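S.K.: Take a look at upload37.cif, mmCIF, C-alpha atoms:
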```
data_coords
loop_
_atom_site.label_atom_id
_atom_site.label_comp_id
_atom_site.auth_asym_id
_atom_site.auth_seq_id
_atom_site.Cartn_x
_atom_site.Cartn_y
_atom_site.Cartn_z
CA MET A 1 -25.36 -22.40 13.60
CA SER A 2 -25.39 -25.72 11.77
CA GLY A 3 -25.42 -25.41 8.01
CA PHE A 4 -26.05 -22.38 5.81
CA ARG A 5 -28.61 -21.59 3.13
CA VAL A 6 -27.10 -19.73 0.20
CA GLY A 7 -29.02 -17.75 -2.38
CA ILE A 8 -27.13 -16.83 -5.54
CA VAL A 9 -27.67 -13.63 -7.52
CA GLY A 10 -26.62 -14.31 -11.09
CA SER A 11 -26.42 -17.40 -13.25
CA GLY A 12 -23.23 -17.01 -15.27
CA ASN A 13 -19.89 -18.80 -15.33
CA ILE A 14 -18.64 -17.61 -11.93
CA ALA A 15 -21.85 -18.77 -10.26
CA GLY A 16 -21.28 -22.17 -11.87
CA ARG A 17 -17.75 -22.34 -10.45
CA PHE A 18 -19.14 -21.45 -7.02
CA ILE A 19 -21.60 -24.37 -7.23
CA LYS A 20 -18.77 -26.78 -8.00
CA GLU A 21 -16.80 -25.63 -4.94
CA VAL A 22 -19.69 -25.89 -2.46
CA PRO A 23 -19.23 -29.66 -1.79
CA PHE A 24 -15.69 -28.97 -0.54
CA ALA A 25 -16.75 -26.39 2.06
CA LYS A 26 -16.09 -27.21 5.71
CA GLU A 27 -19.65 -26.30 6.70
CA GLU A 28 -22.81 -27.75 5.23
CA ILE A 29 -24.00 -25.48 2.44
CA THR A 30 -27.43 -25.70 0.79
CA VAL A 31 -27.94 -23.62 -2.34
CA THR A 32 -31.61 -22.67 -2.15
CA TYR A 33 -32.42 -20.12 -4.85
CA ILE A 34 -30.82 -18.91 -8.07
CA TYR A 35 -32.03 -15.40 -8.79
CA ASN A 36 -31.91 -13.71 -12.16
CA PRO A 37 -34.31 -11.02 -13.45
CA ARG A 38 -34.37 -13.13 -16.62
CA ILE A 39 -36.09 -16.23 -15.29
CA SER A 40 -35.11 -18.30 -18.34
CA SER A 41 -31.43 -17.86 -17.42
CA ALA A 42 -32.04 -18.96 -13.82
CA GLU A 43 -34.03 -21.97 -15.04
CA ARG A 44 -31.27 -23.00 -17.44
CA PHE A 45 -28.68 -22.72 -14.67
CA CYS A 46 -30.68 -24.88 -12.27
CA ARG A 47 -31.18 -27.54 -14.94
CA GLU A 48 -27.50 -27.61 -15.84
CA HIS A 49 -26.31 -27.89 -12.24
CA GLY A 50 -29.20 -29.83 -10.76
CA ILE A 51 -29.44 -27.49 -7.82
CA GLY A 52 -31.54 -24.67 -6.41
CA THR A 53 -34.89 -23.09 -7.26
CA PRO A 54 -34.91 -20.62 -10.17
CA SER A 55 -36.53 -17.27 -9.44
CA ASP A 56 -36.96 -13.75 -10.74
CA ASP A 57 -38.33 -12.69 -7.34
CA ILE A 58 -35.50 -11.20 -5.27
CA GLY A 59 -37.69 -11.22 -2.16
CA ALA A 60 -38.28 -14.96 -2.37
CA MET A 61 -34.54 -15.56 -2.67
CA LEU A 62 -33.79 -13.35 0.33
CA ASP A 63 -36.46 -15.09 2.42
CA ASN A 64 -34.70 -18.42 1.87
CA ALA A 65 -31.04 -17.52 2.43
CA ASP A 66 -28.63 -16.92 5.29
CA ILE A 67 -25.88 -15.90 2.86
CA VAL A 68 -26.33 -14.11 -0.45
CA TYR A 69 -23.58 -14.70 -3.00
CA ILE A 70 -23.61 -11.95 -5.63
CA ALA A 71 -22.26 -13.04 -9.01
CA SER A 72 -24.15 -10.66 -11.27
CA PRO A 73 -22.65 -8.05 -13.66
CA HIS A 74 -20.22 -5.70 -11.89
CA GLU A 75 -22.37 -2.60 -12.11
CA THR A 76 -25.24 -4.33 -10.26
CA HIS A 77 -23.20 -5.49 -7.25
CA TYR A 78 -23.83 -2.45 -5.06
CA GLY A 79 -27.60 -2.49 -5.50
CA TYR A 80 -27.98 -6.19 -4.79
CA ALA A 81 -25.56 -6.09 -1.85
CA LYS A 82 -27.42 -3.20 -0.23
CA LYS A 83 -30.78 -4.90 -0.69
CA ALA A 84 -29.49 -8.13 0.85
CA LEU A 85 -27.85 -6.41 3.83
CA LEU A 86 -30.97 -4.33 4.55
CA ALA A 87 -32.92 -7.61 4.53
CA GLY A 88 -30.58 -8.95 7.23
CA ARG A 89 -28.55 -11.29 5.06
CA ASN A 90 -24.79 -11.86 5.11
CA VAL A 91 -23.19 -11.03 1.77
CA LEU A 92 -20.32 -12.50 -0.23
CA CYS A 93 -19.95 -10.21 -3.25
CA GLU A 94 -17.86 -10.82 -6.33
CA LYS A 95 -15.20 -8.33 -7.26
CA PRO A 96 -15.21 -5.47 -7.85
CA MET A 97 -17.71 -5.03 -5.03
CA THR A 98 -18.51 -1.48 -6.10
CA PHE A 99 -17.18 1.12 -8.51
CA ARG A 100 -17.24 3.91 -5.90
CA LYS A 101 -15.56 4.29 -2.52
CA GLU A 102 -18.62 5.93 -0.97
CA GLU A 103 -20.74 2.92 -1.91
CA ALA A 104 -18.26 0.46 -0.42
CA GLU A 105 -18.12 2.43 2.82
CA GLU A 106 -21.92 2.54 2.96
CA LEU A 107 -22.22 -1.23 2.54
CA PHE A 108 -19.71 -1.95 5.30
CA LEU A 109 -21.50 0.50 7.59
CA ILE A 110 -24.86 -1.22 6.99
CA ALA A 111 -23.25 -4.60 7.71
CA LYS A 112 -21.77 -3.33 10.98
CA GLU A 113 -25.01 -1.75 12.12
CA ARG A 114 -26.84 -5.05 11.58
CA ASP A 115 -24.04 -7.32 12.85
CA LEU A 116 -23.72 -8.97 9.44
CA VAL A 117 -20.74 -10.25 7.46
CA LEU A 118 -19.85 -8.53 4.20
CA MET A 119 -16.92 -9.89 2.20
CA GLU A 120 -15.49 -9.09 -1.21
CA ALA A 121 -14.87 -12.31 -3.12
CA ILE A 122 -11.29 -11.84 -4.32
CA LYS A 123 -10.49 -15.51 -3.96
CA THR A 124 -6.70 -15.09 -4.09
CA SER A 125 -6.74 -13.14 -0.84
CA TYR A 126 -8.19 -16.07 1.12
CA CYS A 127 -6.02 -18.86 -0.30
CA PRO A 128 -3.16 -20.52 1.64
CA GLY A 129 -0.49 -19.62 -0.91
CA PHE A 130 -1.22 -15.89 -0.82
CA LEU A 131 -1.37 -15.98 2.97
CA ARG A 132 2.05 -17.68 2.99
CA LEU A 133 3.36 -14.99 0.65
CA CYS A 134 2.17 -12.33 3.09
CA GLU A 135 3.91 -14.12 5.96
CA LEU A 136 7.18 -14.29 4.05
CA ALA A 137 7.05 -10.61 3.13
CA ALA A 138 6.21 -9.63 6.73
CA SER A 139 9.06 -11.75 8.10
CA GLY A 140 11.62 -9.38 6.60
CA VAL A 141 13.48 -12.19 4.86
CA VAL A 142 14.01 -9.95 1.81
CA GLY A 143 14.20 -6.75 3.83
CA GLU A 144 11.82 -3.85 3.34
CA ILE A 145 9.50 -4.18 0.35
CA ILE A 146 10.25 -1.29 -2.00
CA ASP A 147 8.42 -2.37 -5.16
CA VAL A 148 5.39 -4.51 -6.09
CA ASP A 149 4.88 -5.51 -9.73
CA SER A 150 1.70 -7.45 -10.58
CA SER A 151 0.18 -8.30 -13.94
CA PHE A 152 -2.95 -9.95 -15.31
CA VAL A 153 -3.10 -9.93 -19.10
CA ARG A 154 -5.21 -12.27 -21.20
CA GLY A 155 -6.97 -12.25 -24.51
CA ALA A 156 -10.74 -11.86 -24.72
CA PRO A 157 -12.97 -12.93 -27.65
CA GLU A 158 -14.20 -10.10 -29.85
CA THR A 159 -17.73 -11.18 -29.02
CA SER A 160 -17.19 -10.65 -25.31
CA LYS A 161 -19.42 -8.16 -23.51
CA ILE A 162 -16.25 -6.55 -22.18
CA TRP A 163 -15.59 -4.96 -25.58
CA LYS A 164 -19.18 -3.74 -26.04
CA ASP A 165 -19.90 -2.30 -22.61
CA THR A 166 -18.52 1.20 -22.97
CA GLU A 167 -19.69 2.15 -19.48
CA ASN A 168 -18.30 -0.73 -17.43
CA GLY A 169 -16.12 -2.89 -19.69
CA GLY A 170 -12.38 -2.88 -20.25
CA SER A 171 -9.28 -4.44 -18.76
CA PHE A 172 -8.98 -2.36 -15.60
CA PRO A 173 -12.58 -2.77 -14.36
CA GLU A 174 -12.45 -6.46 -15.23
CA LEU A 175 -9.04 -7.52 -13.90
CA SER A 176 -7.60 -4.91 -11.56
CA SER A 177 -9.14 -6.33 -8.38
CA TYR A 178 -6.45 -9.01 -8.62
CA THR A 179 -3.49 -6.81 -9.55
CA LEU A 180 -4.35 -4.14 -6.98
CA LEU A 181 -4.64 -6.65 -4.14
CA PRO A 182 -0.87 -7.11 -3.52
CA ILE A 183 -0.22 -3.42 -4.09
CA VAL A 184 -2.58 -2.23 -1.35
CA ARG A 185 -1.52 -5.15 0.85
CA PHE A 186 2.22 -4.41 0.73
CA LEU A 187 2.20 -0.63 0.15
CA GLY A 188 -0.75 0.02 2.44
CA THR A 189 -3.66 2.36 1.85
CA ASP A 190 -2.52 5.51 3.67
CA GLY A 191 -0.92 8.22 1.57
CA LEU A 192 -1.14 6.11 -1.58
CA LYS A 193 -0.68 8.13 -4.77
CA TYR A 194 -1.37 6.75 -8.22
CA ARG A 195 -1.79 7.53 -11.90
CA PHE A 196 -2.92 5.64 -15.01
CA GLU A 197 -1.82 5.15 -18.59
CA SER A 198 -3.99 3.21 -21.04
CA LEU A 199 -4.33 2.06 -24.61
CA PHE A 200 -7.93 2.54 -25.72
CA THR A 201 -10.10 0.95 -28.39
CA ASP A 202 -12.08 3.12 -30.81
CA ASN A 203 -15.14 2.93 -28.58
CA GLY A 204 -13.26 4.04 -25.46
CA ILE A 205 -12.62 0.68 -23.79
CA ASP A 206 -9.19 0.31 -22.18
CA LEU A 207 -7.37 -2.44 -24.02
CA TYR A 208 -4.33 -2.29 -21.74
CA THR A 209 -3.70 -0.24 -18.61
CA LYS A 210 -0.72 0.44 -16.40
CA ALA A 211 -1.37 1.97 -12.99
CA TYR A 212 1.61 3.42 -11.10
CA PHE A 213 1.63 3.68 -7.30
CA SER A 214 3.77 5.29 -4.62
CA ASN A 215 3.50 5.74 -0.86
CA GLY A 216 6.76 7.65 -0.52
CA LYS A 217 8.68 4.56 0.58
CA ALA A 218 7.76 1.99 -2.07
CA LEU A 219 6.47 1.81 -5.63
CA GLY A 220 3.89 -0.38 -7.29
CA LEU A 221 2.85 -1.26 -10.83
CA SER A 222 -0.40 -2.88 -11.92
CA LYS A 223 -0.68 -4.16 -15.50
CA THR A 224 -4.05 -5.30 -16.88
CA GLY A 225 -4.83 -6.22 -20.45
CA LEU A 226 -7.51 -7.92 -22.53
CA GLY A 227 -5.95 -7.54 -25.94
CA GLY A 228 -2.78 -9.57 -25.59
CA GLU A 229 -1.00 -12.31 -23.72
CA ALA A 230 1.63 -11.98 -21.02
CA GLU A 231 3.04 -14.05 -18.21
CA GLY A 232 0.99 -13.46 -15.06
CA THR A 233 3.73 -12.78 -12.54
CA LEU A 234 3.97 -11.07 -9.17
CA ILE A 235 7.33 -9.80 -7.95
CA LEU A 236 8.04 -8.15 -4.61
CA THR A 237 11.39 -6.36 -4.60
CA GLY A 238 13.03 -5.96 -1.19
CA THR A 239 16.17 -4.31 0.09
CA LYS A 240 17.81 -7.72 0.62
CA GLY A 241 16.29 -9.78 -2.18
CA TYR A 242 13.01 -10.52 -3.92
CA ILE A 243 9.95 -12.75 -3.78
CA LYS A 244 8.50 -14.05 -7.03
CA VAL A 245 5.27 -15.99 -7.52
CA SER A 246 5.12 -18.31 -10.52
CA PRO A 247 2.37 -17.61 -13.07
CA PRO A 248 -0.51 -17.42 -12.83
CA TRP A 249 0.31 -15.66 -9.58
CA TRP A 250 -3.35 -15.22 -8.56
CA HIS A 251 -3.41 -19.03 -8.20
CA THR A 252 -0.58 -18.67 -5.69
CA GLU A 253 1.30 -21.99 -5.40
CA THR A 254 5.03 -21.74 -6.08
CA ILE A 255 6.84 -18.94 -4.30
CA GLU A 256 10.53 -18.23 -4.96
CA VAL A 257 12.49 -16.27 -2.36
CA TYR A 258 15.91 -14.94 -3.30
CA VAL A 259 18.15 -13.39 -0.66
CA ALA A 260 21.41 -11.76 -1.76
CA GLY A 261 24.39 -13.83 -0.68
CA GLU A 262 22.21 -16.74 0.43
CA GLY A 263 20.60 -17.96 -2.76
CA THR A 264 17.07 -19.08 -3.59
CA GLN A 265 14.51 -21.08 -1.66
CA LYS A 266 11.23 -22.28 -3.08
CA TYR A 267 7.95 -22.86 -1.26
CA TYR A 268 5.01 -24.80 -2.63
CA VAL A 269 1.53 -24.33 -1.20
CA PRO A 270 -1.26 -26.23 -3.03
CA TYR A 271 -4.00 -24.06 -4.48
CA PRO A 272 -7.31 -25.59 -3.35
CA GLY A 273 -9.58 -26.41 -6.27
CA ASP A 274 -10.80 -23.31 -8.05
CA GLY A 275 -10.08 -21.19 -5.00
CA LEU A 276 -13.64 -20.30 -4.08
CA ARG A 277 -13.88 -22.91 -1.32
CA THR A 278 -11.49 -20.91 0.85
CA GLU A 279 -13.60 -17.77 0.65
CA ILE A 280 -16.71 -19.82 1.40
CA ASP A 281 -14.98 -21.24 4.48
CA GLU A 282 -13.89 -17.78 5.59
CA MET A 283 -17.43 -16.49 5.17
CA THR A 284 -19.02 -19.22 7.28
CA ALA A 285 -16.26 -18.97 9.91
CA ARG A 286 -16.90 -15.24 10.33
CA ILE A 287 -20.63 -15.83 10.76
CA SER A 288 -20.22 -18.72 13.21
CA ASP A 289 -17.42 -17.30 15.34
CA LYS A 290 -17.26 -13.58 16.06
CA ASP A 291 -13.78 -14.11 17.55
CA HIS A 292 -12.50 -15.75 14.35
CA ARG A 293 -9.14 -14.35 13.20
CA LEU A 294 -9.96 -12.66 9.93
CA ILE A 295 -8.04 -13.49 6.77
CA GLY A 296 -8.36 -12.19 3.23
CA ILE A 297 -8.96 -8.72 1.87
CA THR A 298 -9.81 -6.20 4.59
CA GLU A 299 -12.58 -3.63 4.70
CA ASN A 300 -10.08 -0.83 4.26
CA GLU A 301 -8.48 -2.56 1.29
CA SER A 302 -11.89 -3.14 -0.35
CA CYS A 303 -12.77 0.54 0.05
CA THR A 304 -9.39 1.57 -1.38
CA LEU A 305 -9.85 -0.68 -4.40
CA ALA A 306 -13.26 0.90 -5.00
CA GLU A 307 -11.66 4.36 -4.78
CA ILE A 308 -8.93 3.45 -7.28
CA ILE A 309 -11.44 2.03 -9.76
CA GLU A 310 -13.61 5.13 -9.33
CA LYS A 311 -10.63 7.36 -10.10
CA PHE A 312 -9.81 5.20 -13.12
CA PHE A 313 -13.29 5.72 -14.56
CA ALA A 314 -12.82 9.48 -14.15
CA PHE A 315 -9.45 9.25 -15.90
CA ARG A 316 -10.91 7.18 -18.75
CA LYS A 317 -13.80 9.58 -19.21
CA CYS A 318 -11.41 12.54 -19.50
CA ARG A 319 -9.08 10.75 -21.89
CA THR A 320 -11.82 9.57 -24.24
CA ALA A 321 -13.41 13.04 -24.17
CA GLU A 322 -10.07 14.52 -25.27
CA GLY A 323 -9.94 12.48 -28.38
#
```
Would you mind giving the structure from this file in structure tokens?

M.R.:
Amino acid sequence: MSGFRVGIVGSGNIAGRFIKEVPFAKEEITVTYIYNPRISSAERFCREHGIGTPSDDIGAMLDNADIVYIASPHETHYGYAKKALLAGRNVLCEKPMTFRKEEAEELFLIAKERDLVLMEAIKTSYCPGFLRLCELAASGVVGEIIDVDSSFVRGAPETSKIWKDTENGGSFPELSSYTLLPIVRFLGTDGLKYRFESLFTDNGIDLYTKAYFSNGKALGLSKTGLGGEAEGTLILTGTKGYIKVSPPWWHTETIEVYVAGEGTQKYYVPYPGDGLRTEIDEMTARISDKDHRLIGITENESCTLAEIIEKFFAFRKCRTAEG
């Protein structure tokens, strides 16, 4: 296949960042349609970026795309992804892909049955720095990994939808796809136990959440927050030393490896642009070459993330009901 037509669902900030990364893709990418049920938003987006045809007709967008990039509100991802896959389109879906494990499993099953590519767009997982981090951890240079500590804490304006959306907003639904990524990568998904502790706003939104993990051999801690500021670090503790990624760790560039008795070595791996170009390249490579060696977040990891987020919503519902 030479060149790919991409239809975009959504016309917000992340869709704009995707547009800016398209020129750096290895394959020729043509953005055909920008879909939004509010046509005025799609029209504004096309004017601002000078690209694509605005539409509030999902069928027209699907008819003119080989790949559908879903950058709509989180709670709509599953519905749009399913519609696109059933129409025979490959799907790159922003995180979190779904809020329920059953939905994630269903989407991957549909993709397999139709020989389509479905990828969750956690850009960190596809970038060279994170891949280098995984190689270093797997090499055993710091021994067995016994703890993973990842954080993503940032302030959010009081006017942000995150504070008003009592169903889907909050720090964990918004940010945990990043912090959970290294935990499920280095602790695995089998036998993973976890629990949550949160600080809630008056309307039930989680302001700050800690999620604790264990697989019987290693521990993990995810910290997400929207009501404060903290250094975005990732630390892997091993039996012989540690690996630390300089903040913001999700833009993995500088990796520090300390080995007891040997000292510290630093690795620098440039973070490409805004990161989305690497997931675009992975998407097109998977479509073009069925023997392509897959990188990035796996199907099993995506389903596990959906399960953890689903369990968090159940936890939040119980806690807010209690008081």

S.K.: What separation in Å, quoted to one decimal, exists between atom CA of A:Ala211 and atom CA of A:Gly155?

M.R.: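 That distance, rounded to one decimal, is 19.1 Å.
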
S.K.: What is the atom CA of A:Arg17 to atom CA of A:Gly169 distance in Å?

M.R.: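 Interatomic distance here is 21.6 Å.
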
S.K.: Against stretch 93-96 of chain A, which residues of stretch 284-312 of chain A fall within 10 Å? For each one I want the closest pair of atoms and the distance in Å (one decimal), counting only C-alpha atoms, rows by chain and increasing residue number, as JSON lines.

M.R.:
```
{"residue": "A:Ser302", "atom": "CA", "partner": "A:Pro96", "partner_atom": "CA", "distance": 8.5}
{"residue": "A:Leu305", "atom": "CA", "partner": "A:Pro96", "partner_atom": "CA", "distance": 8.0}
{"residue": "A:Ala306", "atom": "CA", "partner": "A:Pro96", "partner_atom": "CA", "distance": 7.2}
{"residue": "A:Ile309", "atom": "CA", "partner": "A:Pro96", "partner_atom": "CA", "distance": 8.6}
```

S.K.: Tell me, as JSON, numbers by chain, which residues lie within 12 Å of A:Ala137, counting all atoms listed in the file; anything in the same chain fewer than 3 positions away does not count.

M.R.: {"A": [130, 131, 132, 133, 134, 140, 141, 142, 143, 144, 145, 146, 147, 148, 182, 185, 186, 187, 235, 236, 237, 238, 239, 240, 241, 242, 243, 244, 255, 256, 257, 258]}

S.K.: Hey, which of A:Phe18, A:Phe108, A:Phe4, A:Phe312 ends up closest to A:Ala71? Count only C-alpha atoms.

M.R.: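 Smallest distance to A:Ala71 is found for A:Phe18.
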
S.K.: I would like the residues chosen by the PyMOL selection byres ((chain A and resi 44-54) around 8) on the shown file; could you give them as a list in words?

M.R.: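 That expression, the PyMOL selection byres ((chain A and resi 44-54) around 8), corresponds here to Ser11, Gly12, Gly16, Ile19, Val31, Thr32, Tyr33, Ile34, Tyr35, Asn36, Ile39, Ser40, Ser41, Ala42, Glu43, Ser55 and Asp56 of chain A.
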
S.K.: For atom CA of A:Phe152 and atom CA of A:Glu197, quote the distance in Å rounded to one decimal.

M.R.: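 A separation of 15.5 Å between them.
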
S.K.: Please identify all polymer residues lying at most 12 Å from the point (-22.7, -14.8, -4.3) (file coordinates), using only C-alpha atoms, and present the result as a ChimeraX atom specification.

M.R.: /A:5-12,14-19,22,31,33-35,61,65-73,77,80-81,84,89-95,97,118-122,276,279-280,283

S.K.: Given the selection you just returned, output its residues as a file containing C-alpha atoms, formatted as an mmCIF file, in the frame of the given file.

M.R.:
```
data_model
loop_
_atom_site.group_PDB
_atom_site.id
_atom_site.type_symbol
_atom_site.label_atom_id
_atom_site.label_comp_id
_atom_site.auth_asym_id
_atom_site.auth_seq_id
_atom_site.Cartn_x
_atom_site.Cartn_y
_atom_site.Cartn_z
ATOM 1 C CA ARG A 5 -28.610 -21.590 3.130
ATOM 2 C CA VAL A 6 -27.100 -19.730 0.200
ATOM 3 C CA GLY A 7 -29.020 -17.750 -2.380
ATOM 4 C CA ILE A 8 -27.130 -16.830 -5.540
ATOM 5 C CA VAL A 9 -27.670 -13.630 -7.520
ATOM 6 C CA GLY A 10 -26.620 -14.310 -11.090
ATOM 7 C CA SER A 11 -26.420 -17.400 -13.250
ATOM 8 C CA GLY A 12 -23.230 -17.010 -15.270
ATOM 9 C CA ILE A 14 -18.640 -17.610 -11.930
ATOM 10 C CA ALA A 15 -21.850 -18.770 -10.260
ATOM 11 C CA GLY A 16 -21.280 -22.170 -11.870
ATOM 12 C CA ARG A 17 -17.750 -22.340 -10.450
ATOM 13 C CA PHE A 18 -19.140 -21.450 -7.020
ATOM 14 C CA ILE A 19 -21.600 -24.370 -7.230
ATOM 15 C CA VAL A 22 -19.690 -25.890 -2.460
ATOM 16 C CA VAL A 31 -27.940 -23.620 -2.340
ATOM 17 C CA TYR A 33 -32.420 -20.120 -4.850
ATOM 18 C CA ILE A 34 -30.820 -18.910 -8.070
ATOM 19 C CA TYR A 35 -32.030 -15.400 -8.790
ATOM 20 C CA MET A 61 -34.540 -15.560 -2.670
ATOM 21 C CA ALA A 65 -31.040 -17.520 2.430
ATOM 22 C CA ASP A 66 -28.630 -16.920 5.290
ATOM 23 C CA ILE A 67 -25.880 -15.900 2.860
ATOM 24 C CA VAL A 68 -26.330 -14.110 -0.450
ATOM 25 C CA TYR A 69 -23.580 -14.700 -3.000
ATOM 26 C CA ILE A 70 -23.610 -11.950 -5.630
ATOM 27 C CA ALA A 71 -22.260 -13.040 -9.010
ATOM 28 C CA SER A 72 -24.150 -10.660 -11.270
ATOM 29 C CA PRO A 73 -22.650 -8.050 -13.660
ATOM 30 C CA HIS A 77 -23.200 -5.490 -7.250
ATOM 31 C CA TYR A 80 -27.980 -6.190 -4.790
ATOM 32 C CA ALA A 81 -25.560 -6.090 -1.850
ATOM 33 C CA ALA A 84 -29.490 -8.130 0.850
ATOM 34 C CA ARG A 89 -28.550 -11.290 5.060
ATOM 35 C CA ASN A 90 -24.790 -11.860 5.110
ATOM 36 C CA VAL A 91 -23.190 -11.030 1.770
ATOM 37 C CA LEU A 92 -20.320 -12.500 -0.230
ATOM 38 C CA CYS A 93 -19.950 -10.210 -3.250
ATOM 39 C CA GLU A 94 -17.860 -10.820 -6.330
ATOM 40 C CA LYS A 95 -15.200 -8.330 -7.260
ATOM 41 C CA MET A 97 -17.710 -5.030 -5.030
ATOM 42 C CA LEU A 118 -19.850 -8.530 4.200
ATOM 43 C CA MET A 119 -16.920 -9.890 2.200
ATOM 44 C CA GLU A 120 -15.490 -9.090 -1.210
ATOM 45 C CA ALA A 121 -14.870 -12.310 -3.120
ATOM 46 C CA ILE A 122 -11.290 -11.840 -4.320
ATOM 47 C CA LEU A 276 -13.640 -20.300 -4.080
ATOM 48 C CA GLU A 279 -13.600 -17.770 0.650
ATOM 49 C CA ILE A 280 -16.710 -19.820 1.400
ATOM 50 C CA MET A 283 -17.430 -16.490 5.170
#
```

S.K.: Could you write out as a PyMOL selection string the residues that the PyMOL selection byres ((chain A and resi 166) around 12) matches in the shown file?

M.R.: chain A and resi 161-165+167-171+173+200-207+313+316-317+320
